[in-house]
Amino acid sequence: MLHVAFALLLVAMQAVGGADQARPVAGDPGISSMVVMEQPEYRVLRDYAEPGATRRMHSHDDATWHVFTLVTGQLVLTVEGESPVEVTQGQVLHLKGGAKHTFKNTGTVTATIVEVFGKAPKP
């Protein structure tokens, strides 16, 4: 299944632009997000975090797996119950499906994040 995520991630990363199509995330100033692709088996999001912006602790409850890629910028990612991790441009991280997490842009440029989520099959 992760090979599917990797292929989708490569496709999503080819189009770094599109911040003008992203919508602000309510309650998180400086954070915006857009759905790149939504299918029954997976979802691809592109997020933008302005310098200093923080995405509050949240989870993607329908995710069975989660691939988090920082395309541009730098940030600190914290997964609930774990130590914060500094993430640099180009890093790809695997999070458990449904893991609560937060991130903060610690750089001087807007961070671009691509997230790919696996979803449980519907009966």
# chains A, B, ... in the order shown; residues from 1 in each chain; ligands from 1
>>> select_by_dssp(residues="chain A", states="helix (DSSP H, G or I)", output="number ranges by chain")
A: 2-13, 19-21
>>> write_last_selection(atoms="N, CA and C atoms", output="short mmCIF file (atom, residue, chain, number, x, y, z; two decimals), in the first residue's frame")
data_model
loop_
_atom_site.label_atom_id
_atom_site.label_comp_id
_atom_site.auth_asym_id
_atom_site.auth_seq_id
_atom_site.Cartn_x
_atom_site.Cartn_y
_atom_site.Cartn_z
N LEU A 2 2.01 1.20 0.67
CA LEU A 2 2.86 2.39 0.70
C LEU A 2 3.43 2.73 -0.66
N HIS A 3 3.57 1.73 -1.56
CA HIS A 3 4.03 2.05 -2.91
C HIS A 3 3.02 2.93 -3.63
N VAL A 4 1.74 2.73 -3.35
CA VAL A 4 0.69 3.58 -3.90
C VAL A 4 0.85 4.99 -3.35
N ALA A 5 1.10 5.10 -2.04
CA ALA A 5 1.29 6.42 -1.42
C ALA A 5 2.47 7.14 -2.04
N PHE A 6 3.56 6.42 -2.27
CA PHE A 6 4.74 7.05 -2.85
C PHE A 6 4.45 7.57 -4.24
N ALA A 7 3.77 6.79 -5.07
CA ALA A 7 3.42 7.23 -6.41
C ALA A 7 2.52 8.46 -6.37
N LEU A 8 1.54 8.44 -5.48
CA LEU A 8 0.64 9.60 -5.35
C LEU A 8 1.40 10.82 -4.85
N LEU A 9 2.32 10.60 -3.96
CA LEU A 9 3.12 11.69 -3.42
C LEU A 9 3.94 12.35 -4.51
N LEU A 10 4.54 11.55 -5.37
CA LEU A 10 5.33 12.11 -6.48
C LEU A 10 4.46 12.95 -7.40
N VAL A 11 3.27 12.48 -7.68
CA VAL A 11 2.35 13.24 -8.52
C VAL A 11 1.97 14.56 -7.85
N ALA A 12 1.62 14.51 -6.57
CA ALA A 12 1.21 15.70 -5.85
C ALA A 12 2.35 16.70 -5.72
N MET A 13 3.58 16.22 -5.56
CA MET A 13 4.72 17.12 -5.38
C MET A 13 5.09 17.84 -6.66
N ALA A 19 -1.25 27.60 -3.96
CA ALA A 19 -1.61 28.18 -2.66
C ALA A 19 -2.84 29.07 -2.78
N ASP A 20 -3.05 29.65 -3.95
CA ASP A 20 -4.22 30.51 -4.15
C ASP A 20 -5.52 29.70 -4.13
N GLN A 21 -5.44 28.39 -4.33
CA GLN A 21 -6.63 27.53 -4.30
C GLN A 21 -6.89 26.94 -2.92
#
>>> residues_around(residues="region 98-109 of chain A", least_positions_apart="5", cutoff="10 Å", atoms="only C-alpha atoms", output="ChimeraX atom specification")
/A:30-31,48-66,72-82,84-88,117
>>> atom_distance(atom1="CA of Ala22 (chain A)", atom2="CA of Thr112 (chain A)")
11.2 Å
>>> closest_residue(among="A:Gln91, A:Asp28, A:Lys122, A:Val116", to="Arg43 (chain A)", atoms="only C-alpha atoms")
A:Val116
>>> closest_residue(among="A:Asp47, A:Pro121, A:Glu115, A:His94", to="Ser32 (chain A)", atoms="only C-alpha atoms")
A:Asp47
>>> select_by_dssp(residues="region 42-119 of chain A", states="strand (DSSP E or B)", output="ChimeraX atom specification")
/A:42-49,54-58,63-72,74-79,85-88,92-96,101-105,111-119
>>> atom_distance(atom1="CA of Glu41 (chain A)", atom2="CA of Gly27 (chain A)")
28.5 Å
>>> closest_residue(among="A:Pro123, A:Arg46, A:Gly90, A:Ser83", to="Met34 (chain A)", atoms="only C-alpha atoms")
A:Arg46
>>> decode(residues="region 58-93 of chain A", atoms="N, CA and C atoms", output="tab-separated table (two decimals), in the first residue's frame")
chain	number	residue	atom	x	y	z
A	58	HIS	N	-4.31	17.87	15.91
A	58	HIS	CA	-5.46	17.33	15.19
A	58	HIS	C	-5.14	15.91	14.73
A	59	SER	N	-6.14	15.24	14.22
A	59	SER	CA	-5.94	13.90	13.67
A	59	SER	C	-6.82	13.73	12.44
A	60	HIS	N	-6.50	12.76	11.66
A	60	HIS	CA	-7.28	12.38	10.49
A	60	HIS	C	-7.84	11.00	10.81
A	61	ASP	N	-9.01	10.99	11.41
A	61	ASP	CA	-9.55	9.77	12.02
A	61	ASP	C	-9.86	8.65	11.03
A	62	ASP	N	-10.05	9.00	9.76
A	62	ASP	CA	-10.34	7.95	8.78
A	62	ASP	C	-9.07	7.37	8.16
A	63	ALA	N	-7.90	7.87	8.57
A	63	ALA	CA	-6.64	7.41	7.98
A	63	ALA	C	-6.17	6.09	8.60
A	64	THR	N	-5.81	5.15	7.74
A	64	THR	CA	-5.22	3.89	8.19
A	64	THR	C	-3.70	3.98	8.15
A	65	TRP	N	-3.16	4.89	7.34
A	65	TRP	CA	-1.75	5.23	7.30
A	65	TRP	C	-1.63	6.67	6.84
A	66	HIS	N	-0.46	7.28	7.07
A	66	HIS	CA	-0.29	8.71	6.83
A	66	HIS	C	1.16	8.97	6.44
A	67	VAL	N	1.36	9.53	5.25
A	67	VAL	CA	2.69	9.93	4.80
A	67	VAL	C	2.72	11.45	4.76
A	68	PHE	N	3.70	12.04	5.46
A	68	PHE	CA	3.82	13.49	5.63
A	68	PHE	C	5.12	13.92	4.97
A	69	THR	N	5.03	14.78	3.95
A	69	THR	CA	6.22	15.23	3.23
A	69	THR	C	6.31	16.75	3.25
A	70	LEU	N	7.46	17.25	3.67
A	70	LEU	CA	7.71	18.69	3.63
A	70	LEU	C	8.39	18.99	2.31
A	71	VAL	N	7.67	19.67	1.43
A	71	VAL	CA	8.17	19.97	0.09
A	71	VAL	C	9.07	21.20	0.11
A	72	THR	N	8.65	22.25	0.82
A	72	THR	CA	9.45	23.46	0.94
A	72	THR	C	9.41	23.95	2.38
A	73	GLY	N	10.47	24.61	2.80
A	73	GLY	CA	10.50	25.23	4.12
A	73	GLY	C	11.07	24.32	5.19
A	74	GLN	N	10.79	24.70	6.45
A	74	GLN	CA	11.21	23.89	7.60
A	74	GLN	C	10.16	24.04	8.68
A	75	LEU	N	10.02	23.00	9.49
A	75	LEU	CA	9.03	23.05	10.56
A	75	LEU	C	9.39	22.08	11.67
A	76	VAL	N	8.65	22.19	12.75
A	76	VAL	CA	8.75	21.22	13.84
A	76	VAL	C	7.43	20.48	13.87
A	77	LEU	N	7.50	19.16	13.83
A	77	LEU	CA	6.33	18.29	13.87
A	77	LEU	C	6.32	17.56	15.20
A	78	THR	N	5.18	17.59	15.86
A	78	THR	CA	5.02	16.86	17.12
A	78	THR	C	3.85	15.91	16.99
A	79	VAL	N	4.13	14.62	17.23
A	79	VAL	CA	3.09	13.60	17.28
A	79	VAL	C	2.81	13.35	18.75
A	80	GLU	N	1.54	13.30	19.12
A	80	GLU	CA	1.15	13.12	20.52
A	80	GLU	C	1.91	11.96	21.14
A	81	GLY	N	2.51	12.23	22.31
A	81	GLY	CA	3.24	11.20	23.04
A	81	GLY	C	4.68	11.02	22.60
A	82	GLU	N	5.12	11.80	21.60
A	82	GLU	CA	6.49	11.70	21.10
A	82	GLU	C	7.19	13.05	21.20
A	83	SER	N	8.50	13.04	21.12
A	83	SER	CA	9.28	14.27	21.15
A	83	SER	C	9.13	15.01	19.83
A	84	PRO	N	9.17	16.34	19.85
A	84	PRO	CA	9.12	17.12	18.61
A	84	PRO	C	10.29	16.75	17.69
A	85	VAL	N	10.04	16.82	16.39
A	85	VAL	CA	11.04	16.49	15.38
A	85	VAL	C	11.19	17.68	14.44
A	86	GLU	N	12.43	18.10	14.20
A	86	GLU	CA	12.68	19.13	13.19
A	86	GLU	C	12.62	18.46	11.82
A	87	VAL	N	11.83	19.07	10.93
A	87	VAL	CA	11.65	18.52	9.60
A	87	VAL	C	12.19	19.53	8.59
A	88	THR	N	13.02	19.07	7.68
A	88	THR	CA	13.59	19.95	6.67
A	88	THR	C	13.05	19.60	5.29
A	89	GLN	N	13.21	20.55	4.40
A	89	GLN	CA	12.72	20.40	3.03
A	89	GLN	C	13.12	19.06	2.44
A	90	GLY	N	12.13	18.35	1.88
A	90	GLY	CA	12.37	17.07	1.23
A	90	GLY	C	12.20	15.86	2.12
A	91	GLN	N	12.07	16.06	3.43
A	91	GLN	CA	11.90	14.91	4.32
A	91	GLN	C	10.52	14.29	4.17
A	92	VAL	N	10.48	12.97	4.26
A	92	VAL	CA	9.24	12.20	4.19
A	92	VAL	C	9.14	11.40	5.48
A	93	LEU	N	8.00	11.53	6.17
A	93	LEU	CA	7.78	10.83	7.43
A	93	LEU	C	6.53	9.98	7.35
